[in-house]
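Working notes, structure below.
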Amino acid sequence: MSRVGVFLCLCGKNIGGTVDVTALGEAARQMLGVAHVEDATYLCSHPGQEQIREAIRTHRLTAAVVAACSPTMHEATFRRAAASVGLNPYLVEMANVREQCSWVHRDVHAATAKAIDLVRMAAARVLRSEPLYPLTVPVTRRALVIGGGIAGMQAALDIAANDQEVVLVERGPSLGGRMAQLSETFPTLDCSQCILTPKTVEVAQNEKVRLLTCAEVESVSGYIGNFQVTVRLRPRYVDAERCTGCGQCEADCPVGKSGMVRSEFEAGLPQSHRSAIYRLFPQAVPNTPVLDPETCLYFQKGTCQVCSRVCPTGAINYDDQPRTETLAVGAIVVATGLEPVSPGIYGEFGGGRYPDVITGLQFERLLSASGPTGGEVRRPSDGRVPQRVVFVQCVGSRDPAKRLPHCSKVCCMATAKHATLYRHKVPGGEAVVFYTDIRSPGKGYEEFVRRAIEEEGALYLRGRVSKVYPEGDHLKVLGADTLSGEPMPLTADLVVLAMGLVASPGARELAQRLGASVDEQGFFTEAHPKLRPLESFVPGIFLAGACQGPKDIPDAVAQASGAAAKVSALLARSEFAREPVIARVEERTCTGCRACIEACPYEAIEEVEVATAKGSRLVAHVTEGKCQGCGVCAGVCRSHSIDLAGFTDQEVAAQIAGASP
Amino acid sequence: MEPLASERTPAHAGDRKARLREDFRQLSSENYARCTQCGRCTAGCPLASDMDFPPARVLRFLQLDQVERAARSLAIWFCVSCQVCTTRCPQEVDIARTMDSLRELARRHSLEHPGSGDILSFHRSLLRVVRRYGRLHEFPLVRSYKLRTGHFFQDLLVAPRLFFRGKIRLRPRKIAGVEAVRRAFARSGVPL
Amino acid sequence: MRTGYYPGCSLQGSAAEFDISVRAMAEGLGDELVEVADWSCCGATAAHALSRDLGLALPARNLALARQQGFAEVLAPCAACSNRLQVTASTLAEDARTRDRIEDIVEMPLGQTPRVWNLVQYLQAHGLDALRERVSRPLAGLRLACYYGCLLLRPEKRLGFDDPEQPASMEAVLQALGAEPVEWPLRNECCGGGFTISKPEAVLRLAGALLQDACAHGAQALVAACPMCHANLDMRQRAIERALRRRLRAPVYYLSEVVAWALGVPASRLALGKHLVRTPEPDALVAATAGGT
């Protein structure tokens with residue numbers, strides 16, 4: 001025998017001011033199944049909740065309707081109150097008479113009539129609700145971090161510090177990411193490698209972190225707490241156990257001596273070259289070289305093999321094969337970083353073909369002591385020291401015409417840094433910066449830019465550059481200064497383009513494998529842009545660092561630690577509870593038509609075989625951990641064999657019918 | 001600086017401003033709020049150094065509702081319609097067409113900058129010849145231009161070289177459909 | 001192939017050699033060019049500079065005439081004409097209200113208009129491989145600077161022809177003829193256009209910069225596809241030399257002249273003598289380099 005209690009909240013004047021709560025209460029008393037009605041000024045308050053608990057006990061209520069604010073506000077509150085006195089929380093239904101009624105209507109008569117409708121609908125529904133019990137899902141207590149840059153490493157270290165296992169998968173041959181390519185970092189002008197290498201070493205030595213390099217995530221299945229990840233490991237062709245990192249192979253490789261292959265680490269600078277067997281940079285972790293079969297003479301032509309001859313420990317293994325490994329993990333952190341836009345799309349700046357028009361990252365390599373010029377700023381064309389360097393900001397950012405409308409956030413600071421470092425290295429040189437706006441919001445950032453202008457003497461001209469082209473030995477830069485309202489054509493020895501930033505190549509494909517989403521520039525979309533910046537749309541997959549959007553190192557580190565905290569919270573227990581609002585299949589009527597499987601956006605339904613009198617047949621089966629309770633399957637099922645717990649067809653139909661008795 | 005709203009201007013000035021604004025909006029439906037004043041148009045304009053206001057500044061006037069100031073500029077007449085500004089604008093503002101619209105507005109309301117004389121005379125001479133014959137012919141064009149501008153001695157040395165290479169026809173002919181062309185002129189409402 | 005032909009006003013007057021060479025070139029390609037009967041001026045820059053409606057109406061009349069006369073494609077060798085015709089066609093296609101208004105002005109239907117080709121597009125339509133096969137006098141290593149100017153390339157959105165910043169279509173044509181086009185960064189910059197009479201100092205400055213840049217990059221001659229540009233580079237070259245105090249003597253070919261010559265059209269039919277800067281036949285230029293450098 002159902003005994004539904006109806007609780008009406010006045011919410012001060014919020015509801016009581018527009019809805020006639022007395023009339024509402026009288027109408028409620030007449031509703032089918034309602035055994036008790038009472039009201040309060042603020043039901044969500046402690047006394048209010050106590051009132052509900054008391055009423056449930058005293059009147060032996062079997063279900064409750066709370067007419068108050070939106071469920072997003074206090075459904076959990078009222079459900080907890082009910083549970084504390086033994087009433088199943090899923091038998092508590094809220095009727096939103098505030099946001100959907102008193103707050104949007106002025107006519108008391110009409111608002112009250114609507115509120116009565118809403119309460120009747122809720123009561124009709126709750127009469128058909130069943131008690132539901134939270135599900136528990138087991139948790140694999142191991143995390144996967146994808147990407148070995150500063151964000152990935154920070155996340156891995158923080159998770160490991162909580163005594164939890166981490167597997168860190170890095171696509172390249174070494175840890176370090178973009179930060180390893182930088183010379184100094186703003187605003188402190190710390191040497192980037194100096195602050196980075198302690199992290200890389202720590203990661204390599206941490207017992208809880210298993211490092212896989214030359215590795216990529218090939219496929220991901222499963223759900224939060226229970227992912228199965230297949231990782232493909234490319235052959236390094238060097239036995240890490242035997243290699244001592246002596247570097248002889250690299251030094252003697254004839255490809256290196258020929259200077260034919262440009263180094264990717266040096267961002268494609270013409271002065272740079274690498275061997276076919278190489279380490280990304282001297283402090284690379286792991287310090288084992290990798291052999292690139294595309295440029296190796298042995299692999300391309302069957303000759304050479306110098307490296308294996310000079311290797312003192314016989315560590316070279318030309319027969320190394322790719323292999324795959326499957327990992328079980330409970331949480332995944334994406335930390336795949338970003339890359340600069342290619343200047344190839346800007347034909348007006350030479351499209352990357354003029355040797356003395358370079359990108360910001362290439363300029364970093366010129367500034368870097370371990371770079372191709374030993375830290376001296378020299379023109380790629382003739383090796384001369386440039387006497388005037390023009391820096392062009394906003395190339396590939398804030399450019400809707402090129403479908404790159406976003407601001408890349410760090411280039412203003414990076415350019416101020418470049419201008420400052422250039423002036424340090426070439427004291428008589430002129431640094432000119434063409435900017436659109438200066439964005440320097442971080443701690444010490446504004447002061448850093450002002451120092452570049454006031455003390456280092458960089459000339460800042462406000463105007464976007466129209467064209468850069470070679471003229472004789474120099475470059476002509478057609479710029480403008482909008483503040484004085486003049487075109488500003490200048491001659492430069494070297495032009496540095498501050499390229500916009502987009503997600504690393506392959507981000508989109510990785511997102512597809514994960515079931516996560518990315519935006520037009522490939523940056524991973526967060527679950528909520530303000531309040532949930534560290535989570536993707538897939539439960540259990542978190543975001544750290546620049547893969548979520550361009551950012552500087554402090555923000556990447558902070559975000560990584562935040563993601564790690566969420567991962568650690570997830571992995572802290574061996575199982576976790578989740579909402580039981582999931583789909584359920586009635587196997588007896590399921591025809592195995594697969595419509596629900598195709599429709600499910602979370603890939604949470606699969607086909608399973610069930611035994612029948614005549615043998616077996618295929619029916620749908622919901623993976624509890626993956627189902628998000630969206631209800632699409634229930635909508636497409638032709639035989640009404642799949643239903644959503646907490647939102648069954650019966651409940652919803654009753655609710656609709658309750659609107660117009 | 002002129003006030004942004006026309007509330008504080010005298011009534012007749014406010015009407016005039018509103019009229020110009022309306023007329024201009026008819027000619028150009030661009031949303032000038034899109035312009036970030038980045039200056040790229042100025043940077044690439046081949047005639048910017050000759051202009052009284054560079055292209056970005058003319059657009060700034062439009063953003064500040066100073067349509068008359070824009071229409072009175074010399075800049076719009078020195079624009080050679082090379083379209084580099086429109087091609088390179090990151091915000092995809094059609095600056096070249098804006099110049100066309102401002103010229104048309106200036107003609108309608110007699111706001112042409114005094115320095116526009118030669119260039120405007122050339123355009124008008126060209127169009128008058130086209131209206132007369134249906135096609136352009138150099139001889140009447142140059143004759144008309146010289147009469148308007150008084151630059152009688154310009155290119156005097158080049159002319160014979162052109163003439164003796166058969167490049168100048170002294171007696172141009174009208175096309176058969178010249179009346180249709182004249183009607184098109186009349187209906188377009190262009191004051192020549 | 002039978003293509004409609006819209007010579008435009010300049011080709012009937014000061015750019016007569018352009019018209020002559022285009023017709024000779026078409027013949028060499030085995031193509032028939034049929035002039036659009038009673039065509040009128042496209043309005044060039046002056047029309048759209050003073051009136052939006054006139055700037056659309058004058059080209060629109062010609063598009064309608066061409067369609068009436070049954071042409072599917074029309075070649076407009078003058079870059080200004082092809083630009084106005086193509087921009088007008090594109091504008092009218094996407095904006096029905098404007099199209100209605102212009103239809104009233106020109107009193108002709110403007111629903112579907114023929115395809116307009118500039119000179120390079122016309123050659124592309126023939127196929128560069130077919131062109132290469134017909135070459136009887138290859139331009140053997142002649143270093144030519146292709147000059148595009150403004151109106152072949154911009155506005156990119158409406159023309160959709162070649163990359164406006166690093167164009168290469170004309171170079172491809174010249175390579176098919178055996179020449180060695182030079183790369184030079186100012187090939188898409190303005191020559192001063194219609195200011196040749198009304199603001200000549202701008203032309204001297206801009207066209208002067210172009211000539212210097214082309215020569216600095218090793219060009220033996222320039223190739224243009226617009227009579228306005230040609231006039232600024234050729235007719236004004238002596239004045240430029242005086243202003244720069246520098247001898248340039250850079251011949252400026254029309255694209256159709258080099259193509260026709262390479263196809264074997266005798267020079268006597270090409271009217272190179274109409275240029276103001278002495279323009280020898282291409283093989284004479286090649287010989288000059290072979291001897292000197």
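Please note that chains go A, B, ... in the order of the structure tokens, that every chain numbers its residues from 1, and that ligands are numbered from 1 in the order shown.
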Tell me the residues of chain B close to chain A, meaning within 10 Å using only C-alpha atoms, as a PyMOL selection string. chain B and resi 36-49+51-57+84-85+87-93
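All chain C residues having an atom within 9 Å of chain A, based on only C-alpha atoms, amount to Asp163, Pro164, Glu165, Gln166, Trp184, Pro185, Leu186, Asp213 and Ala216 of chain C.
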Within 10 Å of stretch 94-106 of chain B, counting only C-alpha atoms, which residues qualify if same-chain residues fewer than 3 places away don't, as number ranges by chain? B: 20-21, 23-32, 35, 41, 55-56, 58-59, 62, 67-68, 70-73, 75-89, 91, 109-113, 120, 190-191; C: 45-52, 55, 155
Can you tell me which residues surround A:Phe391 at a distance of at most 8 Å, considering only C-alpha atoms, apart from same-chain residues fewer than 2 positions away, and format the answer as a PyMOL selection string? chain A and resi 389+393+415+419+431-434+495-498
What does the file look like for those residues with N, CA and C atoms, as a PDB file, in the first residue's frame?
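Saved result, out_15.pdb, follows:
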ATOM      1  N   VAL A 389      66.824  42.044 -35.531  1.00  0.00           N
ATOM      2  CA  VAL A 389      65.884  40.922 -35.600  1.00  0.00           C
ATOM      3  C   VAL A 389      64.477  41.475 -35.430  1.00  0.00           C
ATOM      4  N   GLN A 393      54.481  38.772 -34.094  1.00  0.00           N
ATOM      5  CA  GLN A 393      53.555  37.990 -33.269  1.00  0.00           C
ATOM      6  C   GLN A 393      52.274  37.666 -34.026  1.00  0.00           C
ATOM      7  N   THR A 415      57.890  35.849 -27.002  1.00  0.00           N
ATOM      8  CA  THR A 415      58.549  36.846 -27.841  1.00  0.00           C
ATOM      9  C   THR A 415      59.311  37.856 -26.997  1.00  0.00           C
ATOM     10  N   ALA A 419      63.234  38.537 -27.404  1.00  0.00           N
ATOM     11  CA  ALA A 419      63.824  39.864 -27.621  1.00  0.00           C
ATOM     12  C   ALA A 419      64.858  40.147 -26.532  1.00  0.00           C
ATOM     13  N   ALA A 431      66.198  44.881 -31.528  1.00  0.00           N
ATOM     14  CA  ALA A 431      65.071  43.946 -31.495  1.00  0.00           C
ATOM     15  C   ALA A 431      63.795  44.740 -31.723  1.00  0.00           C
ATOM     16  N   VAL A 432      63.027  44.359 -32.740  1.00  0.00           N
ATOM     17  CA  VAL A 432      61.765  45.034 -33.017  1.00  0.00           C
ATOM     18  C   VAL A 432      60.657  43.997 -32.938  1.00  0.00           C
ATOM     19  N   VAL A 433      59.597  44.324 -32.220  1.00  0.00           N
ATOM     20  CA  VAL A 433      58.488  43.379 -32.073  1.00  0.00           C
ATOM     21  C   VAL A 433      57.227  43.993 -32.662  1.00  0.00           C
ATOM     22  N   PHE A 434      56.615  43.313 -33.639  1.00  0.00           N
ATOM     23  CA  PHE A 434      55.302  43.729 -34.142  1.00  0.00           C
ATOM     24  C   PHE A 434      54.246  42.926 -33.402  1.00  0.00           C
ATOM     25  N   VAL A 495      64.100  37.296 -39.284  1.00  0.00           N
ATOM     26  CA  VAL A 495      62.707  37.480 -38.875  1.00  0.00           C
ATOM     27  C   VAL A 495      62.266  36.241 -38.114  1.00  0.00           C
ATOM     28  N   VAL A 496      61.672  36.457 -36.935  1.00  0.00           N
ATOM     29  CA  VAL A 496      61.203  35.332 -36.128  1.00  0.00           C
ATOM     30  C   VAL A 496      59.685  35.414 -36.036  1.00  0.00           C
ATOM     31  N   LEU A 497      59.008  34.360 -36.493  1.00  0.00           N
ATOM     32  CA  LEU A 497      57.547  34.337 -36.471  1.00  0.00           C
ATOM     33  C   LEU A 497      57.070  33.614 -35.222  1.00  0.00           C
ATOM     34  N   ALA A 498      56.228  34.275 -34.426  1.00  0.00           N
ATOM     35  CA  ALA A 498      55.657  33.609 -33.246  1.00  0.00           C
ATOM     36  C   ALA A 498      54.465  32.799 -33.731  1.00  0.00           C
TER      37      ALA A 498
END
Atom-to-atom span, atom CA of A:Gly549 and atom CA of A:Phe523, Å: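 Computing it gives 5.6 Å between the two atoms.
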Please report as CSV every residue of chain C lying within 8 Å of chain B, along with the nearest atom pair and their distance in Å (one decimal), using only C-alpha atoms.
residue,atom,partner,partner_atom,distance
C:Cys9,CA,B:Leu136,CA,5.5
C:Ser10,CA,B:Leu136,CA,7.7
C:Gly13,CA,B:Lys167,CA,4.9
C:Ser14,CA,B:Lys167,CA,4.2
C:Ala15,CA,B:Lys167,CA,6.8
C:Ala16,CA,B:Lys167,CA,6.3
C:Asp38,CA,B:Ile175,CA,6.0
C:Trp39,CA,B:Ile175,CA,7.8
C:Ser40,CA,B:Gly134,CA,5.2
C:Cys41,CA,B:Arg135,CA,4.6
C:Gly43,CA,B:Leu127,CA,7.4
C:Thr45,CA,B:Ser81,CA,7.5
C:Ala46,CA,B:His123,CA,4.8
C:Ala47,CA,B:Leu127,CA,6.9
C:His48,CA,B:Asp100,CA,6.6
C:Ala49,CA,B:Asp100,CA,4.9
C:Leu50,CA,B:Glu104,CA,5.0
C:Ser51,CA,B:Glu104,CA,5.7
C:Arg52,CA,B:Ser101,CA,7.4
C:Asp53,CA,B:Ser188,CA,5.6
C:Leu54,CA,B:Ser188,CA,5.5
C:Ala57,CA,B:Ala184,CA,6.8
C:Leu58,CA,B:Val181,CA,7.5
C:Ile105,CA,B:Ala184,CA,5.2
C:Val106,CA,B:Ala184,CA,5.6
C:Cys150,CA,B:Cys82,CA,5.4
C:Leu151,CA,B:Cys82,CA,7.1
C:Arg154,CA,B:Gln83,CA,6.0
C:Pro155,CA,B:Thr87,CA,6.1
C:Glu156,CA,B:Thr87,CA,6.6
C:Cys190,CA,B:Cys82,CA,6.2
C:Gly192,CA,B:Val80,CA,6.8
C:Gly193,CA,B:Val80,CA,6.7
C:Gly194,CA,B:Val80,CA,7.1
C:Phe195,CA,B:Val80,CA,7.3
C:Ile197,CA,B:Phe122,CA,7.6
C:Ser198,CA,B:Ile119,CA,5.1
C:Lys199,CA,B:Ile119,CA,7.0
C:Ala202,CA,B:Leu47,CA,7.5
C:Leu206,CA,B:Pro46,CA,7.5
C:Met235,CA,B:Val158,CA,7.9
C:Gly273,CA,B:Arg165,CA,7.8
C:Lys274,CA,B:Arg165,CA,5.4
C:Leu276,CA,B:Arg161,CA,7.5
Name the residues of stretch 108-182 of chain C that fall into strand (DSSP E) according to DSSP on the backbone, using the chain letters and numbers of this document, as an MDAnalysis selection string. chainID C and resid 115:117 143:147 180:181
Produce a file of the selected residues containing C-alpha atoms, as a compact mmCIF listing (two decimals), in the first residue's frame.
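What follows is the written file selection_25.txt:
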# COMPACT_ATOMS: atom_id res chain seq x y z
CA ARG C 115 32.38 30.46 -67.39
CA VAL C 116 34.97 33.23 -67.75
CA TRP C 117 38.61 32.30 -68.16
CA ARG C 143 64.82 33.11 -67.41
CA LEU C 144 61.47 34.80 -67.22
CA ALA C 145 59.77 36.57 -64.34
CA CYS C 146 56.04 35.90 -64.32
CA TYR C 147 54.18 38.96 -63.18
CA GLU C 180 63.08 28.70 -66.54
CA PRO C 181 60.84 30.96 -64.55
Which residue of C:Leu92, C:Ala44, C:Leu174, C:Cys226 approaches C:Asp19 most closely, using only C-alpha atoms: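 Nearest candidate to C:Asp19 out of C:Leu92, C:Ala44, C:Leu174, C:Cys226: C:Cys226.
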If we count only C-alpha atoms and set the cut-off at 6 Å, which residues sit around stretch 70-82 of chain A, ignoring sequence neighbours fewer than 4 positions away in its own chain? Please answer as a ChimeraX atom specification. /A:87,89,96
Keeping C-alpha atoms, export the residues of the selection given above as a compact mmCIF listing (two decimals), in the first residue's frame.
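Output saved as selection-v4.txt:
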# COMPACT_ATOMS: atom_id res chain seq x y z
CA LEU A 87 13.71 5.12 2.85
CA PRO A 89 16.78 7.39 -1.88
CA ASN A 96 10.85 21.76 -9.58
